[in-house]
$ cat final_38.cif   # mmCIF, C-alpha atoms
data_protein
loop_
_atom_site.label_atom_id
_atom_site.label_comp_id
_atom_site.auth_asym_id
_atom_site.auth_seq_id
_atom_site.Cartn_x
_atom_site.Cartn_y
_atom_site.Cartn_z
CA MET A 1 184.51 39.67 -95.51
CA THR A 2 184.52 37.37 -98.54
CA GLN A 3 184.43 33.61 -98.92
CA GLN A 4 184.80 31.70 -102.18
CA SER A 5 183.36 28.18 -102.34
CA GLN A 6 185.69 25.74 -104.10
CA GLY A 7 183.00 23.83 -105.98
CA SER A 8 180.84 26.50 -107.60
CA LYS A 9 183.37 29.32 -107.31
CA LYS A 10 180.56 31.42 -105.88
CA ILE A 11 181.74 34.38 -103.84
CA PHE A 12 179.91 35.27 -100.64
CA HIS A 13 180.22 38.74 -99.16
CA TYR A 14 179.59 38.82 -95.42
CA ALA A 15 178.64 42.01 -93.65
CA ALA A 16 181.50 44.13 -92.38
CA GLY A 17 182.01 43.61 -88.68
CA SER A 18 181.08 39.93 -88.73
CA LEU A 19 183.37 37.62 -86.76
CA LEU A 20 182.92 34.03 -87.89
CA SER A 21 186.46 32.69 -87.36
CA VAL A 22 189.70 33.96 -85.87
CA ALA A 23 191.21 33.16 -89.26
CA ASP A 24 189.30 36.19 -90.57
CA LEU A 25 191.32 38.51 -88.31
CA SER A 26 194.71 39.92 -89.17
CA VAL A 27 197.10 40.72 -86.33
CA ALA A 28 196.26 44.38 -87.00
CA ASP A 29 192.56 43.55 -86.52
CA VAL A 30 193.33 41.83 -83.22
CA SER A 31 195.33 44.85 -82.11
CA ALA A 32 192.48 47.22 -83.01
CA ILE A 33 190.01 45.11 -81.02
CA LEU A 34 192.29 45.09 -77.97
CA THR A 35 192.86 48.84 -78.24
CA VAL A 36 189.15 49.61 -78.37
CA THR A 37 188.51 47.14 -75.52
CA THR A 38 190.89 49.14 -73.31
CA ARG A 39 189.37 52.47 -74.37
CA LEU A 40 185.87 51.22 -73.55
CA GLU A 41 186.98 50.16 -70.08
CA GLN A 42 188.37 53.63 -69.46
CA MET A 43 185.24 55.37 -70.69
CA ALA A 44 182.62 56.79 -68.32
CA HIS A 45 179.49 54.65 -68.16
CA ALA A 46 177.24 57.44 -69.40
CA GLN A 47 179.41 58.03 -72.44
CA ARG A 48 179.74 54.32 -73.23
CA ALA A 49 175.95 53.92 -73.09
CA THR A 50 175.54 56.29 -76.05
CA LEU A 51 177.74 54.39 -78.49
CA LEU A 52 175.05 51.95 -79.68
CA ALA A 53 171.99 53.74 -78.35
CA GLY A 54 168.87 52.57 -80.15
CA ARG A 55 170.59 49.74 -82.02
CA ARG A 56 169.02 46.27 -81.96
CA VAL A 57 170.97 43.10 -81.21
CA ALA A 58 169.55 39.56 -81.32
CA LEU A 59 171.07 36.74 -79.30
CA LEU A 60 170.22 33.45 -81.03
CA PHE A 61 171.27 30.54 -78.84
CA TYR A 62 170.63 26.92 -79.81
CA GLU A 63 172.79 25.64 -76.92
CA SER A 64 172.89 26.42 -73.21
CA SER A 65 175.32 29.13 -72.16
CA THR A 66 176.01 31.21 -69.08
CA ARG A 67 179.24 33.18 -69.60
CA THR A 68 179.06 33.84 -73.32
CA ARG A 69 175.37 34.67 -73.53
CA THR A 70 175.32 36.84 -70.42
CA SER A 71 178.48 38.74 -71.31
CA PHE A 72 177.27 39.49 -74.85
CA GLU A 73 173.90 40.63 -73.49
CA LEU A 74 175.41 42.83 -70.78
CA ALA A 75 177.97 44.18 -73.26
CA ALA A 76 175.23 45.22 -75.69
CA LYS A 77 173.19 46.88 -72.96
CA SER A 78 176.24 48.70 -71.58
CA LEU A 79 176.65 50.30 -75.01
CA GLY A 80 172.99 51.38 -75.09
CA ALA A 81 171.70 48.70 -77.47
CA THR A 82 168.38 46.89 -77.14
CA THR A 83 168.67 43.10 -76.95
CA THR A 84 166.34 40.18 -77.52
CA LEU A 85 167.15 36.59 -76.62
CA VAL A 86 165.91 33.73 -78.80
CA SER A 87 166.54 30.16 -77.65
CA ASP A 88 165.65 26.84 -79.21
CA LYS A 89 163.45 26.01 -76.21
CA SER A 90 161.15 29.03 -76.36
CA SER A 91 160.68 29.91 -80.01
CA SER A 92 159.60 28.54 -83.38
CA ILE A 93 162.93 26.74 -83.54
CA GLU A 94 161.36 24.13 -81.28
CA LYS A 95 158.72 23.60 -83.97
CA GLY A 96 161.34 22.92 -86.63
CA GLU A 97 161.95 26.36 -88.12
CA SER A 98 165.21 26.52 -90.07
CA LEU A 99 168.16 28.69 -89.13
CA LYS A 100 167.68 30.68 -92.34
CA ASP A 101 164.02 31.44 -91.64
CA THR A 102 164.71 32.33 -88.02
CA GLY A 103 167.44 34.71 -89.16
CA LEU A 104 165.24 36.32 -91.79
CA THR A 105 162.48 36.75 -89.21
CA LEU A 106 164.86 38.50 -86.82
CA ARG A 107 166.04 40.77 -89.63
CA ALA A 108 162.45 41.63 -90.56
CA LEU A 109 161.77 42.51 -86.93
CA GLY A 110 164.63 45.01 -86.95
CA ALA A 111 167.65 43.08 -85.65
CA GLU A 112 170.84 44.75 -86.90
CA CYS A 113 173.31 42.17 -85.59
CA VAL A 114 172.96 38.52 -84.56
CA ILE A 115 175.06 36.71 -81.99
CA LEU A 116 174.79 33.00 -82.75
CA ARG A 117 175.59 29.87 -80.79
CA HIS A 118 174.78 26.69 -82.69
CA PRO A 119 175.61 22.98 -82.37
CA SER A 120 176.49 22.71 -86.08
CA SER A 121 179.91 23.76 -87.32
CA GLY A 122 179.59 26.43 -90.00
CA ALA A 123 176.15 27.68 -88.94
CA PRO A 124 177.33 31.31 -88.49
CA PHE A 125 178.53 31.38 -92.10
CA VAL A 126 175.09 30.23 -93.27
CA LEU A 127 173.30 32.84 -91.15
CA ALA A 128 175.60 35.65 -92.30
CA ARG A 129 175.17 34.66 -95.94
CA GLU A 130 171.39 34.35 -95.82
CA THR A 131 170.62 37.48 -93.79
CA GLY A 132 173.36 39.90 -94.83
CA LEU A 133 173.59 41.00 -91.19
CA PRO A 134 176.77 41.19 -89.11
CA VAL A 135 177.02 37.86 -87.29
CA LEU A 136 179.21 37.18 -84.25
CA ASN A 137 180.06 33.52 -83.77
CA ALA A 138 179.45 32.64 -80.12
CA GLY A 139 180.47 29.02 -80.68
CA ASP A 140 179.57 26.70 -83.55
CA GLY A 141 179.70 22.97 -82.88
CA MET A 142 183.26 21.72 -82.60
CA HIS A 143 184.53 24.43 -84.96
CA GLU A 144 185.38 27.76 -83.31
CA HIS A 145 184.73 30.24 -80.52
CA PRO A 146 186.52 33.40 -81.74
CA SER A 147 185.60 35.81 -78.95
CA GLN A 148 186.87 33.33 -76.34
CA ALA A 149 190.28 33.20 -78.02
CA LEU A 150 190.44 37.00 -78.06
CA LEU A 151 189.58 37.32 -74.38
CA ASP A 152 192.04 34.54 -73.53
CA ALA A 153 194.81 36.37 -75.38
CA ARG A 154 193.96 39.59 -73.55
CA THR A 155 194.00 37.77 -70.21
CA MET A 156 197.49 36.44 -70.92
CA LEU A 157 198.73 39.87 -71.95
CA MET A 158 197.31 41.38 -68.74
CA ARG A 159 198.75 38.78 -66.37
CA LEU A 160 202.08 37.83 -67.91
CA PRO A 161 204.90 40.28 -67.07
CA GLY A 162 206.16 42.75 -69.64
CA ARG A 163 203.17 42.53 -72.00
CA ASP A 164 200.82 45.18 -73.39
CA ALA A 165 197.13 44.24 -73.27
CA ALA A 166 196.08 47.30 -75.26
CA LYS A 167 197.57 46.16 -78.55
CA ALA A 168 198.86 43.09 -80.35
CA THR A 169 201.79 42.30 -82.61
CA ALA A 170 203.29 39.14 -84.02
CA LYS A 171 205.65 39.20 -81.02
CA SER A 172 203.20 40.01 -78.21
CA LEU A 173 203.48 36.49 -76.77
CA ASP A 174 207.06 35.72 -77.77
CA GLY A 175 208.65 33.26 -75.36
CA VAL A 176 205.28 32.10 -74.00
CA THR A 177 204.26 28.45 -74.14
CA VAL A 178 200.62 27.62 -73.52
CA VAL A 179 199.54 24.07 -72.71
CA ILE A 180 195.89 23.33 -73.49
CA THR A 181 194.81 20.12 -71.81
CA GLY A 182 191.68 18.02 -72.01
CA ASP A 183 189.02 17.26 -74.58
CA ILE A 184 190.73 18.88 -77.55
CA LEU A 185 188.77 16.84 -80.10
CA HIS A 186 185.45 18.47 -79.21
CA SER A 187 186.76 21.89 -78.14
CA ARG A 188 186.02 24.93 -80.27
CA VAL A 189 187.92 26.96 -77.63
CA ALA A 190 191.09 24.91 -78.16
CA ARG A 191 190.78 25.26 -81.92
CA SER A 192 190.37 29.05 -81.89
CA ASN A 193 193.23 29.48 -79.42
CA ALA A 194 195.50 27.18 -81.43
CA LEU A 195 194.77 29.26 -84.52
CA LEU A 196 195.24 32.64 -82.84
CA LEU A 197 197.98 32.39 -80.21
CA PRO A 198 200.85 31.28 -82.50
CA ARG A 199 200.15 34.32 -84.70
CA LEU A 200 200.93 36.44 -81.63
CA GLY A 201 204.20 34.61 -81.02
CA ALA A 202 203.13 31.88 -78.59
CA LYS A 203 203.88 28.17 -78.72
CA VAL A 204 200.82 25.96 -78.14
CA LEU A 205 201.13 22.47 -76.65
CA LEU A 206 198.02 20.29 -76.93
CA CYS A 207 197.82 17.62 -74.24
CA GLY A 208 195.42 14.74 -73.62
CA PRO A 209 194.75 11.06 -74.33
CA GLU A 210 194.65 10.03 -77.97
CA ARG A 211 190.90 9.45 -78.04
CA LEU A 212 190.41 13.10 -77.03
CA LEU A 213 193.38 14.44 -78.99
CA PRO A 214 193.98 12.78 -82.36
CA GLU A 215 197.24 13.38 -84.22
CA THR A 216 195.25 15.27 -86.87
CA ALA A 217 195.21 18.21 -84.45
CA LEU A 218 198.69 19.04 -85.71
CA GLY A 219 196.93 20.28 -88.84
CA LEU A 220 195.84 23.38 -86.94
CA GLY A 221 199.07 24.96 -88.07
CA ALA A 222 202.57 26.07 -87.22
CA GLY A 223 203.35 26.65 -83.58
CA VAL A 224 201.20 23.73 -82.41
CA GLU A 225 202.64 20.57 -80.87
CA ILE A 226 201.10 17.48 -79.27
CA VAL A 227 202.55 16.35 -75.93
CA ARG A 228 200.92 13.36 -74.23
CA ASP A 229 202.75 13.68 -70.90
CA PHE A 230 201.01 16.45 -68.94
CA ASP A 231 203.82 16.84 -66.41
CA ALA A 232 206.38 17.27 -69.20
CA ALA A 233 204.14 19.79 -70.96
CA LEU A 234 203.61 21.77 -67.74
CA ARG A 235 207.35 22.06 -67.16
CA ARG A 236 207.66 23.84 -70.51
CA SER A 237 204.70 26.17 -70.04
CA GLN A 238 203.97 29.63 -68.67
CA VAL A 239 200.21 29.19 -69.14
CA ALA A 240 198.05 26.14 -68.38
CA MET A 241 194.59 26.19 -69.94
CA MET A 242 192.32 23.38 -68.76
CA LEU A 243 189.26 22.11 -70.65
CA ARG A 244 186.33 20.13 -69.33
CA ILE A 245 185.41 16.67 -70.55
CA GLN A 246 182.41 17.28 -72.80
CA LYS A 247 180.33 14.26 -71.85
CA GLU A 248 177.49 15.42 -74.11
CA ARG A 249 179.76 15.03 -77.16
CA LEU A 250 181.58 11.80 -76.29
CA ALA A 251 179.02 9.68 -78.21
CA GLY A 252 179.93 6.29 -76.79
CA LEU A 253 183.65 6.89 -76.25
CA GLU A 254 184.64 5.13 -73.06
CA LEU A 255 186.90 7.11 -70.78
CA ASP A 256 188.40 5.90 -67.51
CA LEU A 257 187.85 8.99 -65.37
CA ALA A 258 190.10 7.79 -62.54
CA ASP A 259 192.95 7.31 -65.00
CA TYR A 260 192.22 10.66 -66.63
CA ILE A 261 192.33 12.45 -63.27
CA ALA A 262 195.61 10.76 -62.37
CA ARG A 263 197.25 11.71 -65.67
CA TYR A 264 195.71 15.04 -66.61
CA GLN A 265 194.09 16.81 -63.65
CA LEU A 266 195.69 20.11 -62.66
CA ASN A 267 195.92 19.95 -58.87
CA GLY A 268 197.96 21.88 -56.35
CA GLU A 269 200.65 19.23 -55.99
CA ARG A 270 201.19 18.92 -59.73
CA LEU A 271 201.23 22.68 -60.27
CA ALA A 272 203.73 23.26 -57.45
CA ALA A 273 206.03 20.50 -58.69
CA GLN A 274 205.99 21.25 -62.42
CA ALA A 275 205.05 24.91 -63.01
CA PRO A 276 204.68 26.87 -59.77
CA ASP A 277 204.49 30.24 -61.56
CA ALA A 278 202.22 29.19 -64.43
CA LEU A 279 199.09 31.18 -65.16
CA VAL A 280 196.01 28.96 -64.80
CA MET A 281 193.08 29.44 -67.16
CA HIS A 282 189.77 27.72 -67.93
CA PRO A 283 187.06 28.86 -70.38
CA GLY A 284 184.30 27.28 -68.27
CA PRO A 285 182.17 25.64 -67.30
CA MET A 286 184.54 23.94 -64.85
CA ILE A 287 184.07 20.50 -63.38
CA ARG A 288 185.94 20.84 -60.11
CA GLY A 289 187.60 17.62 -59.10
CA LEU A 290 187.87 16.35 -62.66
CA GLU A 291 190.07 18.45 -64.96
CA ILE A 292 190.99 20.97 -62.24
CA ALA A 293 191.15 20.90 -58.46
CA GLY A 294 189.25 23.52 -56.50
CA ASP A 295 192.34 24.85 -54.74
CA VAL A 296 193.97 25.58 -58.10
CA ALA A 297 190.84 27.16 -59.59
CA ASP A 298 190.65 29.51 -56.60
CA GLY A 299 194.40 29.92 -56.09
CA PRO A 300 196.73 32.86 -56.75
CA ASN A 301 197.80 31.51 -60.16
CA SER A 302 194.22 31.46 -61.42
CA ALA A 303 193.05 33.99 -64.02
CA ILE A 304 189.64 32.36 -64.45
CA GLU A 305 187.59 35.25 -63.06
CA LEU A 306 189.67 37.70 -65.10
CA GLN A 307 188.77 35.70 -68.21
CA VAL A 308 185.09 36.15 -67.39
CA SER A 309 185.40 39.92 -66.90
CA ASN A 310 187.49 40.20 -70.06
CA GLY A 311 184.68 38.45 -71.87
CA LEU A 312 182.40 41.41 -71.15
CA SER A 313 185.03 43.91 -72.26
CA VAL A 314 186.15 42.17 -75.45
CA ARG A 315 182.58 41.40 -76.52
CA SER A 316 181.68 45.07 -76.05
CA ALA A 317 184.42 45.92 -78.55
CA LEU A 318 183.21 43.24 -80.97
CA LEU A 319 179.65 44.58 -80.87
CA LEU A 320 180.90 48.09 -81.51
CA ARG A 321 182.98 46.74 -84.40
CA ALA A 322 179.93 44.98 -85.84
CA LEU A 323 177.67 48.04 -85.70
CA SER A 324 179.94 51.06 -85.94
CA ALA A 325 179.86 51.40 -89.76
CA GLY A 326 183.54 52.23 -90.06
CA GLY A 327 183.96 54.32 -86.93
CA PHE A 328 185.24 51.50 -84.75
CA GLU A 329 188.86 52.55 -84.34
CA SER A 330 187.92 56.20 -83.78
CA VAL A 331 186.53 55.47 -80.31
CA THR A 332 188.20 57.78 -77.81
CA VAL A 333 187.94 58.20 -74.09
#
$ encode --input "final_38.cif" --output "structure tokens"
Amino acid sequence: MTQQSQGSKKIFHYAAGSLLSVADLSVADVSAILTVTTRLEQMAHAQRATLLAGRRVALLFYESSTRTRTSFELAAKSLGATTTLVSDKSSSIEKGESLKDTGLTLRALGAECVILRHPSSGAPFVLARETGLPVLNAGDGMHEHPSQALLDARTMLMRLPGRDAAKATAKSLDGVTVVITGDILHSRVARSNALLLPRLGAKVLLCGPERLLPETALGLGAGVEIVRDFDAALRRSQVAMMLRIQKERLAGLELDLADYIARYQLNGERLAAQAPDALVMHPGPMIRGLEIAGDVADGPNSAIELQVSNGLSVRSALLLRALSAGGFESVTV
């Protein structure tokens, strides 16, 4: 992976297998990841546990996480790797150690791959550049969350009729409209999905109030549209992805929650009236009663638990890709 900075024209070479942005993946790359994900699921546990036996993976988390951290950790262990968790609350990070020095320390201790979650956009690029290790971006600020977009795409391909979840093409999601509703401004999940899904043929509708969804979001690229009316957007959609209000990032923005619930909450009545067959998704954590009603989250349209289980499967494939030294696509059952 190579990046050229516009100012100095310096070229950075990132370790093969790094995943810093979905923009780094071709459709063929996405297809290979989905293929290996399916093969790993079909593989006997004992065989799978030999694939990364003895390899060392560091999980470096500067923000709280349940789904992403746990799924990466369990994925690494299921492949036979040894993991160590470093958080900002129980390490030298709390004493002011820089990301660079923490990364170099992990490398010196034998880490061969780092999974990074960080509150600053671009932090995974810095870590990959300074350490030379494969880095998997587990969410950086308001920038991206690449593995979430991949597992979301796989979930859609598994649940929508007539699709193939074991591969991807530029037409895999042809005819599918996905409405992503909520705090788009602060959502790395929305950004990664908006960058990936149209490349697989989907149309993405972004929905929310202007203070949480500025018009600049149209700059995410072709295949992305802003629709302020949630009911109108739902009527056009086969997939409804709900996002939580990120109160920790609102920084003084006033939001009338009662008005937000009335206009943008996905509840049973709204779903039945506007899109009774729509697939319901949520990257978590959910705030039941705010962006989504409990009966919808637990209902037959919901693919939320499938998203979680796909997180384990897809992240297993990404770890194998990061550490397989060219043998990634040769994985066989």
$ closest_residue --input "final_38.cif" --among "A:Arg270, A:Arg55, A:Arg107, A:Arg188" --to "Leu234 of chain A" --atoms "all atoms listed in the file"
A:Arg270
$ atom_distance --input "final_38.cif" --atom1 "atom CA of Ala297 of chain A" --atom2 "atom CA of His282 of chain A"
8.4 Å
$ residues_around --input "final_38.cif" --residues "Ala46 of chain A" --least-positions-apart "3" --cutoff "12 Å" --atoms "all atoms listed in the file" --output "list in words"
Leu40, Gln42, Met43, Ala49, Thr50, Leu51, Leu52, Ala53, Lys77, Ser78, Leu79, Gly80 and Val333 of chain A
$ closest_residue --input "final_38.cif" --among "A:Lys167, A:Arg211, A:Arg129, A:Arg263" --to "Arg39 of chain A" --atoms "all atoms listed in the file"
A:Lys167
$ closest_residue --input "final_38.cif" --among "A:Arg159, A:His186, A:Lys203, A:Val239" --to "Ala217 of chain A" --atoms "all atoms listed in the file"
A:His186
$ closest_residue --input "final_38.cif" --among "A:Glu112, A:Asp298, A:Asp231, A:Asp183" --to "Ile245 of chain A" --atoms "all atoms listed in the file"
A:Asp183
$ axis_aligned_box --input "final_38.cif" --around "segment 314-317 of chain A" --padding-each-side "6 Å" --output "JSON"
{"center_x": 183.9, "center_y": 43.7, "center_z": -77.0, "size_x": 16.5, "size_y": 16.5, "size_z": 15.1}
$ closest_residue --input "final_38.cif" --among "A:Leu306, A:Thr82, A:Arg48, A:Gly96" --to "Val331 of chain A" --atoms "all atoms listed in the file"
A:Arg48
$ closest_residue --input "final_38.cif" --among "A:Leu290, A:Ala202, A:Leu320, A:Met158" --to "Asn267 of chain A" --atoms "only C-alpha atoms"
A:Leu290
$ atom_distance --input "final_38.cif" --atom1 "atom CA of Ala194 of chain A" --atom2 "atom CA of Ala149 of chain A"
8.7 Å
$ decode --input "final_38.cif" --residues "segment 132-155 of chain A" --atoms "N, CA, C and O atoms" --output "PDB file, in the first residue's frame"
ATOM      1  N   GLY A 132       5.912   0.227  10.419  1.00  0.00           N
ATOM      2  CA  GLY A 132       6.115  -0.711   9.325  1.00  0.00           C
ATOM      3  C   GLY A 132       5.327  -1.994   9.471  1.00  0.00           C
ATOM      4  O   GLY A 132       5.460  -2.908   8.658  1.00  0.00           O
ATOM      5  N   LEU A 133       4.488  -2.082  10.509  1.00  0.00           N
ATOM      6  CA  LEU A 133       3.678  -3.280  10.739  1.00  0.00           C
ATOM      7  C   LEU A 133       2.353  -3.186   9.994  1.00  0.00           C
ATOM      8  O   LEU A 133       1.866  -2.087   9.717  1.00  0.00           O
ATOM      9  N   PRO A 134       1.729  -4.337   9.688  1.00  0.00           N
ATOM     10  CA  PRO A 134       0.356  -4.297   9.195  1.00  0.00           C
ATOM     11  C   PRO A 134      -0.555  -3.710  10.276  1.00  0.00           C
ATOM     12  O   PRO A 134      -0.497  -4.123  11.437  1.00  0.00           O
ATOM     13  N   VAL A 135      -1.358  -2.735   9.905  1.00  0.00           N
ATOM     14  CA  VAL A 135      -2.275  -2.084  10.836  1.00  0.00           C
ATOM     15  C   VAL A 135      -3.697  -2.234  10.305  1.00  0.00           C
ATOM     16  O   VAL A 135      -3.955  -1.985   9.120  1.00  0.00           O
ATOM     17  N   LEU A 136      -4.601  -2.655  11.169  1.00  0.00           N
ATOM     18  CA  LEU A 136      -6.019  -2.750  10.831  1.00  0.00           C
ATOM     19  C   LEU A 136      -6.750  -1.638  11.571  1.00  0.00           C
ATOM     20  O   LEU A 136      -6.704  -1.558  12.803  1.00  0.00           O
ATOM     21  N   ASN A 137      -7.403  -0.782  10.811  1.00  0.00           N
ATOM     22  CA  ASN A 137      -8.121   0.355  11.364  1.00  0.00           C
ATOM     23  C   ASN A 137      -9.434  -0.122  11.970  1.00  0.00           C
ATOM     24  O   ASN A 137     -10.355  -0.523  11.265  1.00  0.00           O
ATOM     25  N   ALA A 138      -9.529  -0.047  13.294  1.00  0.00           N
ATOM     26  CA  ALA A 138     -10.747  -0.459  14.000  1.00  0.00           C
ATOM     27  C   ALA A 138     -11.614   0.744  14.360  1.00  0.00           C
ATOM     28  O   ALA A 138     -12.453   0.667  15.251  1.00  0.00           O
ATOM     29  N   GLY A 139     -11.410   1.849  13.636  1.00  0.00           N
ATOM     30  CA  GLY A 139     -12.169   3.069  13.853  1.00  0.00           C
ATOM     31  C   GLY A 139     -11.250   4.206  14.246  1.00  0.00           C
ATOM     32  O   GLY A 139     -10.616   4.140  15.296  1.00  0.00           O
ATOM     33  N   ASP A 140     -11.185   5.239  13.392  1.00  0.00           N
ATOM     34  CA  ASP A 140     -10.328   6.387  13.715  1.00  0.00           C
ATOM     35  C   ASP A 140     -11.145   7.680  13.664  1.00  0.00           C
ATOM     36  O   ASP A 140     -11.500   8.172  12.608  1.00  0.00           O
ATOM     37  N   GLY A 141     -11.439   8.202  14.846  1.00  0.00           N
ATOM     38  CA  GLY A 141     -12.171   9.454  14.957  1.00  0.00           C
ATOM     39  C   GLY A 141     -13.476   9.415  14.186  1.00  0.00           C
ATOM     40  O   GLY A 141     -14.261   8.478  14.311  1.00  0.00           O
ATOM     41  N   MET A 142     -13.699  10.451  13.381  1.00  0.00           N
ATOM     42  CA  MET A 142     -14.896  10.522  12.550  1.00  0.00           C
ATOM     43  C   MET A 142     -14.571  10.146  11.106  1.00  0.00           C
ATOM     44  O   MET A 142     -15.313  10.479  10.189  1.00  0.00           O
ATOM     45  N   HIS A 143     -13.449   9.423  10.912  1.00  0.00           N
ATOM     46  CA  HIS A 143     -12.970   9.134   9.569  1.00  0.00           C
ATOM     47  C   HIS A 143     -13.569   7.857   8.995  1.00  0.00           C
ATOM     48  O   HIS A 143     -14.495   7.926   8.182  1.00  0.00           O
ATOM     49  N   GLU A 144     -13.088   6.694   9.451  1.00  0.00           N
ATOM     50  CA  GLU A 144     -13.553   5.439   8.845  1.00  0.00           C
ATOM     51  C   GLU A 144     -13.585   4.282   9.835  1.00  0.00           C
ATOM     52  O   GLU A 144     -12.971   4.336  10.914  1.00  0.00           O
ATOM     53  N   HIS A 145     -14.296   3.247   9.432  1.00  0.00           N
ATOM     54  CA  HIS A 145     -14.361   1.976  10.161  1.00  0.00           C
ATOM     55  C   HIS A 145     -14.478   0.886   9.096  1.00  0.00           C
ATOM     56  O   HIS A 145     -15.550   0.315   8.872  1.00  0.00           O
ATOM     57  N   PRO A 146     -13.370   0.564   8.410  1.00  0.00           N
ATOM     58  CA  PRO A 146     -13.433  -0.300   7.221  1.00  0.00           C
ATOM     59  C   PRO A 146     -14.014  -1.686   7.454  1.00  0.00           C
ATOM     60  O   PRO A 146     -14.794  -2.189   6.638  1.00  0.00           O
ATOM     61  N   SER A 147     -13.631  -2.342   8.559  1.00  0.00           N
ATOM     62  CA  SER A 147     -14.123  -3.703   8.777  1.00  0.00           C
ATOM     63  C   SER A 147     -15.630  -3.721   9.005  1.00  0.00           C
ATOM     64  O   SER A 147     -16.305  -4.690   8.650  1.00  0.00           O
ATOM     65  N   GLN A 148     -16.183  -2.651   9.570  1.00  0.00           N
ATOM     66  CA  GLN A 148     -17.633  -2.583   9.766  1.00  0.00           C
ATOM     67  C   GLN A 148     -18.347  -2.524   8.424  1.00  0.00           C
ATOM     68  O   GLN A 148     -19.367  -3.191   8.220  1.00  0.00           O
ATOM     69  N   ALA A 149     -17.818  -1.745   7.490  1.00  0.00           N
ATOM     70  CA  ALA A 149     -18.439  -1.671   6.166  1.00  0.00           C
ATOM     71  C   ALA A 149     -18.405  -3.022   5.465  1.00  0.00           C
ATOM     72  O   ALA A 149     -19.367  -3.415   4.792  1.00  0.00           O
ATOM     73  N   LEU A 150     -17.305  -3.743   5.614  1.00  0.00           N
ATOM     74  CA  LEU A 150     -17.202  -5.064   4.994  1.00  0.00           C
ATOM     75  C   LEU A 150     -18.208  -6.041   5.592  1.00  0.00           C
ATOM     76  O   LEU A 150     -18.872  -6.795   4.869  1.00  0.00           O
ATOM     77  N   LEU A 151     -18.345  -6.038   6.912  1.00  0.00           N
ATOM     78  CA  LEU A 151     -19.294  -6.972   7.528  1.00  0.00           C
ATOM     79  C   LEU A 151     -20.727  -6.561   7.222  1.00  0.00           C
ATOM     80  O   LEU A 151     -21.619  -7.416   7.109  1.00  0.00           O
ATOM     81  N   ASP A 152     -20.971  -5.260   7.087  1.00  0.00           N
ATOM     82  CA  ASP A 152     -22.310  -4.797   6.716  1.00  0.00           C
ATOM     83  C   ASP A 152     -22.661  -5.251   5.305  1.00  0.00           C
ATOM     84  O   ASP A 152     -23.784  -5.709   5.046  1.00  0.00           O
ATOM     85  N   ALA A 153     -21.703  -5.130   4.388  1.00  0.00           N
ATOM     86  CA  ALA A 153     -21.946  -5.587   3.021  1.00  0.00           C
ATOM     87  C   ALA A 153     -22.230  -7.084   2.994  1.00  0.00           C
ATOM     88  O   ALA A 153     -23.152  -7.552   2.300  1.00  0.00           O
ATOM     89  N   ARG A 154     -21.473  -7.850   3.756  1.00  0.00           N
ATOM     90  CA  ARG A 154     -21.694  -9.293   3.797  1.00  0.00           C
ATOM     91  C   ARG A 154     -23.072  -9.626   4.379  1.00  0.00           C
ATOM     92  O   ARG A 154     -23.760 -10.541   3.906  1.00  0.00           O
ATOM     93  N   THR A 155     -23.470  -8.888   5.395  1.00  0.00           N
ATOM     94  CA  THR A 155     -24.788  -9.111   5.995  1.00  0.00           C
ATOM     95  C   THR A 155     -25.889  -8.870   4.974  1.00  0.00           C
ATOM     96  O   THR A 155     -26.841  -9.662   4.867  1.00  0.00           O
TER      97      THR A 155
END
